[in-house]
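This is model-v6.tsv (TSV, C-alpha atoms).
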chain	number	residue	atom	x	y	z
A	1	MET	CA	102.21	95.01	170.17
A	2	ARG	CA	98.63	95.74	169.11
A	3	LYS	CA	99.67	99.21	167.86
A	4	LYS	CA	102.41	97.68	165.73
A	5	PHE	CA	99.95	95.15	164.35
A	6	ASN	CA	97.38	97.83	163.51
A	7	LEU	CA	100.09	99.92	161.85
A	8	LEU	CA	101.22	96.96	159.76
A	9	VAL	CA	97.63	96.19	158.72
A	10	GLY	CA	97.13	99.85	157.78
A	11	ILE	CA	100.28	99.86	155.64
A	12	VAL	CA	99.17	96.67	153.87
A	13	LEU	CA	95.71	98.10	153.17
A	14	ILE	CA	97.08	101.41	151.86
A	15	THR	CA	99.60	99.57	149.67
A	16	ALA	CA	96.84	97.34	148.27
A	17	LEU	CA	94.67	100.38	147.59
A	18	LEU	CA	97.51	102.15	145.77
A	19	PHE	CA	98.16	99.09	143.61
A	20	THR	CA	94.45	98.89	142.79
A	21	LEU	CA	94.25	102.56	141.84
A	22	THR	CA	97.47	102.34	139.79
A	23	GLY	CA	96.14	99.28	137.99
A	24	CYS	CA	92.86	101.03	137.19
A	25	ALA	CA	94.69	104.10	135.94
A	26	SER	CA	96.90	101.92	133.78
A	27	LYS	CA	93.89	100.14	132.30
A	28	ASP	CA	92.10	103.44	131.70
A	29	SER	CA	95.14	104.96	129.98
A	30	LYS	CA	95.33	101.97	127.66
A	31	ALA	CA	91.61	102.19	126.93
A	32	VAL	CA	91.72	105.86	125.93
A	33	TYR	CA	92.42	106.32	122.22
A	34	PRO	CA	93.87	108.54	121.04
A	35	SER	CA	95.88	109.87	123.96
A	36	LYS	CA	98.23	111.90	121.72
A	37	PRO	CA	98.20	113.50	118.23
A	38	VAL	CA	97.52	111.21	115.25
A	39	ASN	CA	99.71	111.40	112.15
A	40	MET	CA	97.75	111.79	108.89
A	41	ILE	CA	99.72	110.83	105.75
A	42	ILE	CA	98.62	112.53	102.54
A	43	ALA	CA	100.01	110.95	99.37
A	44	PHE	CA	99.49	113.95	97.08
A	45	THR	CA	100.50	117.60	96.98
A	46	ALA	CA	99.08	120.15	99.42
A	47	GLY	CA	96.04	121.86	97.98
A	48	GLY	CA	95.03	118.88	95.85
A	49	SER	CA	91.75	116.99	96.15
A	50	SER	CA	92.96	114.43	98.69
A	51	ASP	CA	94.46	117.10	100.92
A	52	VAL	CA	91.42	119.39	100.76
A	53	GLN	CA	89.07	116.55	101.72
A	54	ALA	CA	91.25	115.47	104.64
A	55	ARG	CA	91.28	119.07	105.88
A	56	VAL	CA	87.48	118.94	106.12
A	57	VAL	CA	87.76	115.78	108.24
A	58	GLU	CA	90.28	117.64	110.43
A	59	LYS	CA	87.64	120.23	111.36
A	60	PHE	CA	85.49	117.54	112.97
A	61	TRP	CA	88.25	115.21	114.17
A	62	LYS	CA	88.78	116.46	117.73
A	63	LYS	CA	85.09	116.14	118.60
A	64	GLU	CA	85.16	112.39	117.90
A	65	PHE	CA	88.74	111.59	118.90
A	66	ASN	CA	89.35	112.69	122.46
A	67	ASN	CA	90.24	116.29	121.55
A	68	GLN	CA	93.54	115.16	120.00
A	69	PRO	CA	94.81	116.89	116.83
A	70	LEU	CA	95.70	115.49	113.43
A	71	VAL	CA	99.26	116.16	112.23
A	72	PHE	CA	99.51	116.28	108.44
A	73	ASP	CA	102.48	114.59	106.78
A	74	TYR	CA	102.86	114.89	103.00
A	75	LYS	CA	104.58	111.92	101.34
A	76	VAL	CA	104.34	112.74	97.65
A	77	GLY	CA	105.43	110.80	94.56
A	78	ALA	CA	104.71	108.05	92.02
A	79	GLY	CA	100.98	108.72	91.78
A	80	GLY	CA	100.52	108.37	95.52
A	81	GLN	CA	102.56	105.18	95.84
A	82	VAL	CA	105.15	106.79	98.12
A	83	GLY	CA	102.49	107.88	100.61
A	84	PHE	CA	100.42	104.71	100.36
A	85	THR	CA	103.54	102.67	101.12
A	86	GLU	CA	104.24	104.82	104.17
A	87	ILE	CA	100.74	104.05	105.48
A	88	ALA	CA	101.05	100.31	104.84
A	89	LYS	CA	104.48	100.07	106.50
A	90	ALA	CA	103.74	102.35	109.48
A	91	ASN	CA	103.62	101.25	113.11
A	92	PRO	CA	100.13	99.74	113.55
A	93	ASP	CA	99.55	101.48	116.88
A	94	GLY	CA	96.72	103.66	115.59
A	95	TYR	CA	98.81	106.82	115.60
A	96	THR	CA	99.53	106.76	111.87
A	97	ILE	CA	96.65	106.68	109.39
A	98	GLY	CA	96.34	108.15	105.92
A	99	GLY	CA	94.31	108.90	102.84
A	100	ILE	CA	94.12	106.24	100.13
A	101	ASN	CA	92.70	106.34	96.61
A	102	VAL	CA	91.04	103.59	94.62
A	103	PRO	CA	91.81	102.38	91.99
A	104	HIS	CA	95.31	103.84	92.50
A	105	ILE	CA	96.19	101.36	95.26
A	106	VAL	CA	94.81	98.48	93.17
A	107	PHE	CA	96.83	99.20	90.03
A	108	GLN	CA	99.98	100.01	92.01
A	109	ALA	CA	99.71	96.80	94.05
A	110	LEU	CA	99.44	94.77	90.85
A	111	SER	CA	102.31	96.47	89.03
A	112	SER	CA	105.85	95.08	88.76
A	113	GLN	CA	106.99	98.04	90.87
A	114	ALA	CA	104.63	97.22	93.76
A	115	THR	CA	105.75	98.24	97.25
A	116	PHE	CA	102.57	97.16	99.05
A	117	LYS	CA	99.52	94.93	98.64
A	118	THR	CA	95.89	95.95	99.08
A	119	GLU	CA	95.80	93.47	101.98
A	120	ASP	CA	98.38	95.62	103.81
A	121	PHE	CA	95.67	98.14	104.78
A	122	ALA	CA	93.02	98.14	107.48
A	123	TYR	CA	90.19	100.05	105.79
A	124	ILE	CA	88.56	102.74	107.92
A	125	ALA	CA	86.03	104.34	105.56
A	126	GLN	CA	85.34	105.54	102.04
A	127	VAL	CA	84.39	109.21	102.04
A	128	VAL	CA	84.25	110.32	98.37
A	129	LYS	CA	83.21	109.00	94.96
A	130	ASP	CA	84.65	111.49	92.46
A	131	PRO	CA	83.90	110.91	88.74
A	132	LEU	CA	86.52	111.64	86.09
A	133	LEU	CA	86.01	114.31	83.47
A	134	LEU	CA	87.73	115.73	80.41
A	135	ALA	CA	88.45	119.46	80.60
A	136	VAL	CA	90.26	122.27	78.80
A	137	LYS	CA	90.88	125.83	79.93
A	138	LYS	CA	88.12	128.38	79.45
A	139	ASP	CA	89.64	130.19	76.46
A	140	SER	CA	90.57	127.02	74.58
A	141	PRO	CA	89.35	126.80	70.96
A	142	ILE	CA	88.15	123.28	71.85
A	143	ASN	CA	84.45	123.64	72.71
A	144	ASN	CA	83.17	120.07	72.81
A	145	LEU	CA	84.18	116.42	72.54
A	146	ASN	CA	84.09	116.46	68.72
A	147	ASP	CA	86.51	119.41	68.69
A	148	PHE	CA	88.79	117.48	71.06
A	149	ILE	CA	88.78	114.43	68.79
A	150	ALA	CA	89.49	116.55	65.70
A	151	GLU	CA	92.39	118.35	67.44
A	152	ALA	CA	93.86	115.07	68.68
A	153	LYS	CA	93.77	113.60	65.17
A	154	LYS	CA	95.32	116.75	63.76
A	155	LYS	CA	98.20	116.58	66.25
A	156	ASP	CA	98.60	112.83	65.65
A	157	GLY	CA	99.73	111.72	69.10
A	158	LYS	CA	101.23	115.05	70.14
A	159	MET	CA	98.20	116.38	72.02
A	160	ASN	CA	99.32	116.75	75.64
A	161	VAL	CA	96.77	115.59	78.22
A	162	GLY	CA	97.51	116.08	81.92
A	163	ILE	CA	96.93	113.21	84.33
A	164	VAL	CA	97.86	112.57	87.97
A	165	GLY	CA	100.43	109.88	88.62
A	166	PRO	CA	101.39	106.53	87.10
A	167	PHE	CA	99.23	103.45	87.82
A	168	THR	CA	96.20	105.58	88.71
A	169	ALA	CA	92.61	105.92	87.50
A	170	HIS	CA	93.80	108.79	85.30
A	171	HIS	CA	96.67	106.76	83.85
A	172	VAL	CA	94.47	103.80	82.90
A	173	GLY	CA	91.58	106.11	82.01
A	174	ILE	CA	93.51	108.05	79.37
A	175	PHE	CA	94.33	104.80	77.52
A	176	GLN	CA	90.72	103.62	77.76
A	177	LEU	CA	89.37	106.96	76.55
A	178	ALA	CA	91.83	107.18	73.65
A	179	ASP	CA	90.79	103.66	72.63
A	180	GLU	CA	87.10	104.56	72.70
A	181	LEU	CA	87.64	107.78	70.74
A	182	LYS	CA	90.09	106.11	68.32
A	183	ILE	CA	92.75	108.78	68.84
A	184	LYS	CA	96.34	109.03	70.11
A	185	VAL	CA	97.38	111.45	72.88
A	186	ASN	CA	100.49	112.12	74.93
A	187	PRO	CA	99.80	111.66	78.67
A	188	VAL	CA	101.72	114.15	80.85
A	189	ILE	CA	102.05	112.92	84.42
A	190	PHE	CA	101.82	115.25	87.44
A	191	LYS	CA	102.33	114.57	91.15
A	192	GLY	CA	98.94	115.91	92.17
A	193	ALA	CA	95.76	117.64	91.02
A	194	ALA	CA	97.01	121.07	92.10
A	195	ASP	CA	100.02	120.76	89.74
A	196	GLN	CA	97.82	119.40	86.96
A	197	ASN	CA	95.42	122.36	87.20
A	198	VAL	CA	98.26	124.89	87.14
A	199	ALA	CA	99.72	123.25	84.03
A	200	LEU	CA	96.41	123.31	82.17
A	201	LEU	CA	95.56	126.90	83.08
A	202	GLY	CA	99.10	127.94	82.18
A	203	GLY	CA	98.80	126.41	78.72
A	204	HIS	CA	101.45	123.74	79.32
A	205	VAL	CA	99.04	120.94	78.38
A	206	ASP	CA	96.11	120.99	75.93
A	207	ALA	CA	93.60	119.22	78.16
A	208	MET	CA	93.37	117.21	81.34
A	209	LEU	CA	91.66	114.05	82.48
A	210	GLY	CA	90.86	114.98	86.07
A	211	ASN	CA	88.12	114.73	88.64
A	212	LEU	CA	84.97	116.67	89.39
A	213	ASN	CA	86.53	118.07	92.55
A	214	ASP	CA	89.62	119.20	90.65
A	215	VAL	CA	87.58	121.81	88.79
A	216	MET	CA	84.85	122.68	91.29
A	217	ARG	CA	87.00	125.05	93.36
A	218	ASP	CA	87.81	127.17	90.28
A	219	LEU	CA	85.02	126.25	87.90
A	220	ASN	CA	85.01	129.53	85.94
A	221	ASN	CA	88.50	128.82	84.59
A	222	PHE	CA	87.59	125.49	82.99
A	223	LYS	CA	85.54	124.23	80.08
A	224	ILE	CA	84.33	120.71	80.82
A	225	LEU	CA	83.76	118.58	77.73
A	226	ALA	CA	82.28	115.41	79.21
A	227	LEU	CA	81.74	113.55	82.51
A	228	ALA	CA	82.63	109.86	82.96
A	229	ASP	CA	79.54	108.88	84.92
A	230	ASP	CA	76.15	107.24	84.34
A	231	GLN	CA	74.28	110.51	84.57
A	232	ARG	CA	74.87	114.26	84.73
A	233	HIS	CA	75.95	115.72	88.03
A	234	PRO	CA	73.77	118.36	89.72
A	235	TRP	CA	76.80	120.61	90.25
A	236	ILE	CA	77.50	120.79	86.49
A	237	LYS	CA	74.09	120.15	84.93
A	238	ASP	CA	75.07	121.49	81.51
A	239	VAL	CA	77.94	119.03	81.07
A	240	PRO	CA	76.97	115.87	79.15
A	241	THR	CA	78.20	112.41	80.06
A	242	PHE	CA	80.36	110.37	77.69
A	243	LYS	CA	77.49	107.89	77.70
A	244	GLU	CA	75.16	110.51	76.18
A	245	MET	CA	77.61	110.83	73.29
A	246	ASN	CA	77.76	107.07	72.78
A	247	VAL	CA	81.24	106.79	74.26
A	248	ASN	CA	81.65	103.83	76.59
A	249	PHE	CA	83.81	105.48	79.24
A	250	LYS	CA	82.94	105.54	82.93
A	251	ALA	CA	85.50	106.02	85.71
A	252	ASP	CA	85.83	107.49	89.16
A	253	ILE	CA	88.19	107.81	92.11
A	254	ARG	CA	87.16	106.66	95.56
A	255	ARG	CA	88.89	108.51	98.40
A	256	GLY	CA	89.06	106.98	101.82
A	257	PHE	CA	91.20	106.39	104.88
A	258	ALA	CA	93.18	103.42	106.11
A	259	ALA	CA	95.61	102.26	108.78
A	260	PRO	CA	98.30	99.53	108.69
A	261	LYS	CA	96.78	96.04	108.64
A	262	ASN	CA	97.92	94.83	112.07
A	263	ILE	CA	96.23	97.61	114.03
A	264	LYS	CA	94.40	96.40	117.16
A	265	PRO	CA	90.75	95.57	116.39
A	266	GLU	CA	89.44	97.83	119.14
A	267	VAL	CA	91.42	100.80	117.82
A	268	LEU	CA	90.27	100.14	114.25
A	269	GLN	CA	86.68	99.99	115.50
A	270	LYS	CA	87.14	103.31	117.28
A	271	LEU	CA	88.45	104.86	114.04
A	272	ARG	CA	85.59	103.41	112.01
A	273	GLU	CA	82.95	104.64	114.44
A	274	GLY	CA	84.51	108.10	114.59
A	275	PHE	CA	84.64	108.46	110.82
A	276	GLN	CA	81.07	107.26	110.48
A	277	LYS	CA	79.91	109.99	112.88
A	278	ILE	CA	81.96	112.62	111.04
A	279	CYS	CA	80.66	111.56	107.61
A	280	ASN	CA	77.05	111.74	108.78
A	281	ASP	CA	77.41	115.13	110.45
A	282	PRO	CA	75.21	117.66	108.55
A	283	GLU	CA	77.84	120.37	109.00
A	284	TYR	CA	80.51	118.10	107.51
A	285	LEU	CA	78.28	117.40	104.50
A	286	LYS	CA	77.73	121.15	104.00
A	287	GLU	CA	81.50	121.69	104.06
A	288	MET	CA	82.00	118.91	101.52
A	289	GLU	CA	79.51	120.42	99.09
A	290	LYS	CA	81.02	123.86	99.64
A	291	ILE	CA	84.43	122.67	98.44
A	292	GLY	CA	83.03	120.48	95.65
A	293	GLN	CA	83.82	117.08	97.16
A	294	PRO	CA	81.17	114.47	96.15
A	295	ALA	CA	80.56	112.79	99.52
A	296	ALA	CA	79.87	109.04	99.38
A	297	TYR	CA	80.38	107.20	102.68
A	298	LEU	CA	81.09	103.47	102.89
A	299	SER	CA	81.98	101.68	106.11
A	300	GLY	CA	85.44	100.12	106.43
A	301	GLU	CA	84.00	96.68	105.71
A	302	GLU	CA	82.12	97.90	102.63
A	303	PHE	CA	85.15	99.81	101.38
A	304	GLU	CA	87.36	96.73	101.71
A	305	LYS	CA	84.78	94.66	99.80
A	306	TYR	CA	84.77	97.23	96.96
A	307	VAL	CA	88.59	97.12	96.74
A	308	LYS	CA	88.52	93.31	96.47
A	309	GLU	CA	85.89	93.42	93.71
A	310	TYR	CA	87.81	96.08	91.78
A	311	THR	CA	91.04	94.08	92.08
A	312	ALA	CA	89.38	91.03	90.53
A	313	ASN	CA	88.63	93.03	87.35
A	314	ALA	CA	91.79	95.13	87.24
A	315	LYS	CA	94.25	92.46	86.13
A	316	SER	CA	92.82	92.24	82.60
A	317	VAL	CA	92.94	96.04	82.24
A	318	ILE	CA	96.60	96.14	83.31
A	319	GLU	CA	97.55	93.44	80.82
A	320	LYS	CA	95.60	95.10	77.98
A	321	TYR	CA	97.48	98.40	78.33
A	322	GLY	CA	100.86	96.94	79.22
A	323	LEU	CA	100.97	98.58	82.64
A	324	LYS	CA	102.44	95.53	84.37

Any chance you could give the structure as structure tokens?
Amino acid sequence: MRKKFNLLVGIVLITALLFTLTGCASKDSKAVYPSKPVNMIIAFTAGGSSDVQARVVEKFWKKEFNNQPLVFDYKVGAGGQVGFTEIAKANPDGYTIGGINVPHIVFQALSSQATFKTEDFAYIAQVVKDPLLLAVKKDSPINNLNDFIAEAKKKDGKMNVGIVGPFTAHHVGIFQLADELKIKVNPVIFKGAADQNVALLGGHVDAMLGNLNDVMRDLNNFKILALADDQRHPWIKDVPTFKEMNVNFKADIRRGFAAPKNIKPEVLQKLREGFQKICNDPEYLKEMEKIGQPAAYLSGEEFEKYVKEYTANAKSVIEKYGLK
């Protein structure tokens, strides 16, 4: 009888131990993020500025995220709107994140063709502040901003200027710049910076309103006429700002990363902490300078605040240029 009792007690104890261990394992498996590859949505063409920057993040990703890889997924179209929508509508389990651009997401969210709202994103981090610039190809007869203005007036609205996407910083910027210069141009819309560059260098457009990073990887093939920033950039010291030429035009693109809004707070925090470590890694910063990406980190909270402030001022711009 005693042997049977001892056997029964032993079975109960072993069963309890197994349940305890299973429960701990279950809790641990839930606590580990990520436990599988993470999908990275890129809203522009491969080889463009957004893609190139995300590829730098990829080099440092595994170190901060449990040795799991990033899987790149290109969702291209409508100035990034196709990809941004995919991010906003994705399963908020932390296994789909993506690159977002400001003010692109602001203008697109306020347009009549909106497929998402800026509130649909959980902001992870801003990683880049990339000023706009006006450029022509190296052998263009246009040598400065005055030449550009004269050529635009000569062509009377038929000067083709490449931009990336509708409802983007480039789209709004070309109207603002034309206003300031008192000229008319014909904006030619491309899906991404890589396509825009090819078109300019191939002579299919006369000029382009792009970004600093768009020209840095192939600087010898471009002639930059002016930079839309407060001061000259150390990478292109000889290029004047629009401000220096008494033209009131300042614009930039902020690149960052986001997840769907209903992501679990603890997973969002893990993503934010990981990106902060990556963005402060000296080797990452060297890589960014090497590829001409102007690094400018903001935390997820700071990035979200910037988006809200930009949105408050964007409505009047949209109405002025009939972009609604």

Identify, on the basis of only C-alpha atoms, every residue whose closest approach to Tyr74 (chain A) does not exceed 9 Å; exclude the query and any residue fewer than 4 positions from it along the same chain; express the result as a ChimeraX atom specification.
/A:40-46,51,83

Anything within 12 Å of (88.6, 115.4, 121.2): list those residues as a PDB file with C-alpha atoms, in the frame of the given file, counting only C-alpha atoms and sticking to the file's coordinates.
ATOM      1  CA  VAL A  32      91.720 105.860 125.930  1.00  0.00           C
ATOM      2  CA  TYR A  33      92.420 106.320 122.220  1.00  0.00           C
ATOM      3  CA  PRO A  34      93.870 108.540 121.040  1.00  0.00           C
ATOM      4  CA  SER A  35      95.880 109.870 123.960  1.00  0.00           C
ATOM      5  CA  LYS A  36      98.230 111.900 121.720  1.00  0.00           C
ATOM      6  CA  PRO A  37      98.200 113.500 118.230  1.00  0.00           C
ATOM      7  CA  VAL A  38      97.520 111.210 115.250  1.00  0.00           C
ATOM      8  CA  GLU A  58      90.280 117.640 110.430  1.00  0.00           C
ATOM      9  CA  LYS A  59      87.640 120.230 111.360  1.00  0.00           C
ATOM     10  CA  PHE A  60      85.490 117.540 112.970  1.00  0.00           C
ATOM     11  CA  TRP A  61      88.250 115.210 114.170  1.00  0.00           C
ATOM     12  CA  LYS A  62      88.780 116.460 117.730  1.00  0.00           C
ATOM     13  CA  LYS A  63      85.090 116.140 118.600  1.00  0.00           C
ATOM     14  CA  GLU A  64      85.160 112.390 117.900  1.00  0.00           C
ATOM     15  CA  PHE A  65      88.740 111.590 118.900  1.00  0.00           C
ATOM     16  CA  ASN A  66      89.350 112.690 122.460  1.00  0.00           C
ATOM     17  CA  ASN A  67      90.240 116.290 121.550  1.00  0.00           C
ATOM     18  CA  GLN A  68      93.540 115.160 120.000  1.00  0.00           C
ATOM     19  CA  PRO A  69      94.810 116.890 116.830  1.00  0.00           C
ATOM     20  CA  LEU A  70      95.700 115.490 113.430  1.00  0.00           C
ATOM     21  CA  GLY A 274      84.510 108.100 114.590  1.00  0.00           C
TER      22      GLY A 274
END

So what do you get for CA of Asn248 (chain A) versus CA of Lys308 (chain A), distance-wise?
23.5 Å

Give the answer as one residue: which of A:Arg255, A:Lys75, A:Lys89, A:Lys286 has the shortest atom-to-atom distance to Val307 (chain A), using only C-alpha atoms?
A:Arg255

Looking at only C-alpha atoms, which of A:Asp139, A:Glu180, A:Asp230, A:Glu289 is the one that sits closest to Met216 (chain A)?
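Selected residue with least distance to Met216 (chain A): A:Glu289.
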
Listing only residues of region 182-202 of chain A within 12 Å of region 217-228 of chain A, what is the closest atom pair and its distance in Å (to one decimal) for each, using all atoms listed in the file, sorted by chain and residue number ascending, as CSV?
residue,atom,partner,partner_atom,distance
A:Ala193,CA,A:Arg217,CA,11.7
A:Ala194,CA,A:Arg217,CA,10.8
A:Asn197,CA,A:Phe222,CA,9.4
A:Val198,CA,A:Asn221,CA,10.8
A:Leu200,CA,A:Phe222,CA,9.1
A:Leu201,CA,A:Asn221,CA,7.5
A:Gly202,CA,A:Asn221,CA,10.9

Find, counting only C-alpha atoms, the residue in A:Ser112, A:Leu298, A:Asp206, A:Ala178 that gets nearest to Gln276 (chain A).
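Once distances to Gln276 (chain A) are computed over only C-alpha atoms, the minimum belongs to A:Leu298.
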
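Applying the 9 Å criterion to (103.9, 112.8, 74.9) in file coordinates and using all atoms listed in the file, one obtains the residues A:Gly157, A:Lys158, A:Met159, A:Asn160, A:Val161, A:Val185, A:Asn186, A:Pro187, A:Val188.
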
Arg55 (chain A) proximity check over A:Leu209, A:Val71, A:Ala90, A:Leu271, using only C-alpha atoms: winner is A:Val71

Please identify all polymer residues within 6 Å of region 98-106 of chain A, counting all atoms listed in the file, omitting same-chain residues fewer than 2 positions from it, and present them as JSON, numbers by chain.
{"A": [40, 41, 42, 108, 109, 168, 169, 253, 254, 255, 256, 257, 258, 311]}

Which residue, A:Thr115, A:Gly80, A:Glu301, A:Gln176, has the smallest gap to Glu273 (chain A) when you use all atoms listed in the file?
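Comparing A:Thr115, A:Gly80, A:Glu301, A:Gln176 against Glu273 (chain A), the winner is A:Glu301.
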
Atom-to-atom span, CA of Thr118 (chain A) and CA of Pro260 (chain A), Å:
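Calculated distance between CA of Thr118 (chain A) and CA of Pro260 (chain A) is 10.5 Å.
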
Please determine, counting all atoms listed in the file, which residue among A:Leu133, A:Ala259, A:Ala114, A:Leu285 has the shortest atom-to-atom distance to Gln81 (chain A).
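Closest to Gln81 (chain A), using all atoms listed in the file: A:Ala114.
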
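Taking CA of Ile183 (chain A) as the reference point, CA of Lys129 (chain A) is found at 27.8 Å.
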
Starting from the incomplete input, reconstruct N, CA, C and O atoms of region 157-172 of chain A and write that as a tab-separated table (two decimals), in the frame of the given file.
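The new file selection21.tsv reads:
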chain	number	residue	atom	x	y	z
A	157	GLY	N	98.97	112.26	67.96
A	157	GLY	CA	99.73	111.72	69.10
A	157	GLY	C	100.50	112.75	69.90
A	157	GLY	O	101.11	112.43	70.91
A	158	LYS	N	100.47	114.00	69.45
A	158	LYS	CA	101.23	115.05	70.14
A	158	LYS	C	100.33	115.97	70.99
A	158	LYS	O	100.79	116.99	71.48
A	159	MET	N	99.07	115.60	71.13
A	159	MET	CA	98.20	116.38	72.02
A	159	MET	C	98.53	116.01	73.45
A	159	MET	O	98.44	114.84	73.85
A	160	ASN	N	98.92	116.99	74.27
A	160	ASN	CA	99.32	116.75	75.64
A	160	ASN	C	98.10	116.79	76.57
A	160	ASN	O	97.40	117.80	76.64
A	161	VAL	N	97.88	115.68	77.28
A	161	VAL	CA	96.77	115.59	78.22
A	161	VAL	C	97.32	115.32	79.61
A	161	VAL	O	98.00	114.31	79.84
A	162	GLY	N	97.02	116.22	80.55
A	162	GLY	CA	97.51	116.08	81.92
A	162	GLY	C	96.76	115.02	82.69
A	162	GLY	O	95.53	114.92	82.62
A	163	ILE	N	97.51	114.20	83.43
A	163	ILE	CA	96.93	113.21	84.33
A	163	ILE	C	97.72	113.23	85.63
A	163	ILE	O	98.82	113.78	85.69
A	164	VAL	N	97.16	112.63	86.68
A	164	VAL	CA	97.86	112.57	87.97
A	164	VAL	C	98.42	111.17	88.18
A	164	VAL	O	97.67	110.20	88.31
A	165	GLY	N	99.75	111.08	88.19
A	165	GLY	CA	100.43	109.88	88.62
A	165	GLY	C	100.39	108.67	87.70
A	165	GLY	O	99.46	108.51	86.92
A	166	PRO	N	101.41	107.81	87.80
A	166	PRO	CA	101.39	106.53	87.10
A	166	PRO	C	100.57	105.50	87.88
A	166	PRO	O	100.45	105.60	89.10
A	167	PHE	N	100.01	104.53	87.19
A	167	PHE	CA	99.23	103.45	87.82
A	167	PHE	C	98.08	104.02	88.65
A	167	PHE	O	97.87	103.63	89.80
A	168	THR	N	97.35	104.96	88.05
A	168	THR	CA	96.20	105.58	88.71
A	168	THR	C	94.97	105.46	87.81
A	168	THR	O	95.07	105.00	86.68
A	169	ALA	N	93.83	105.91	88.31
A	169	ALA	CA	92.61	105.92	87.50
A	169	ALA	C	92.81	106.79	86.27
A	169	ALA	O	92.30	106.48	85.17
A	170	HIS	N	93.54	107.89	86.42
A	170	HIS	CA	93.80	108.79	85.30
A	170	HIS	C	94.69	108.11	84.25
A	170	HIS	O	94.46	108.25	83.04
A	171	HIS	N	95.71	107.41	84.72
A	171	HIS	CA	96.67	106.76	83.85
A	171	HIS	C	95.98	105.69	82.99
A	171	HIS	O	96.13	105.65	81.76
A	172	VAL	N	95.21	104.83	83.64
A	172	VAL	CA	94.47	103.80	82.90
A	172	VAL	C	93.36	104.45	82.07
A	172	VAL	O	93.12	104.07	80.92
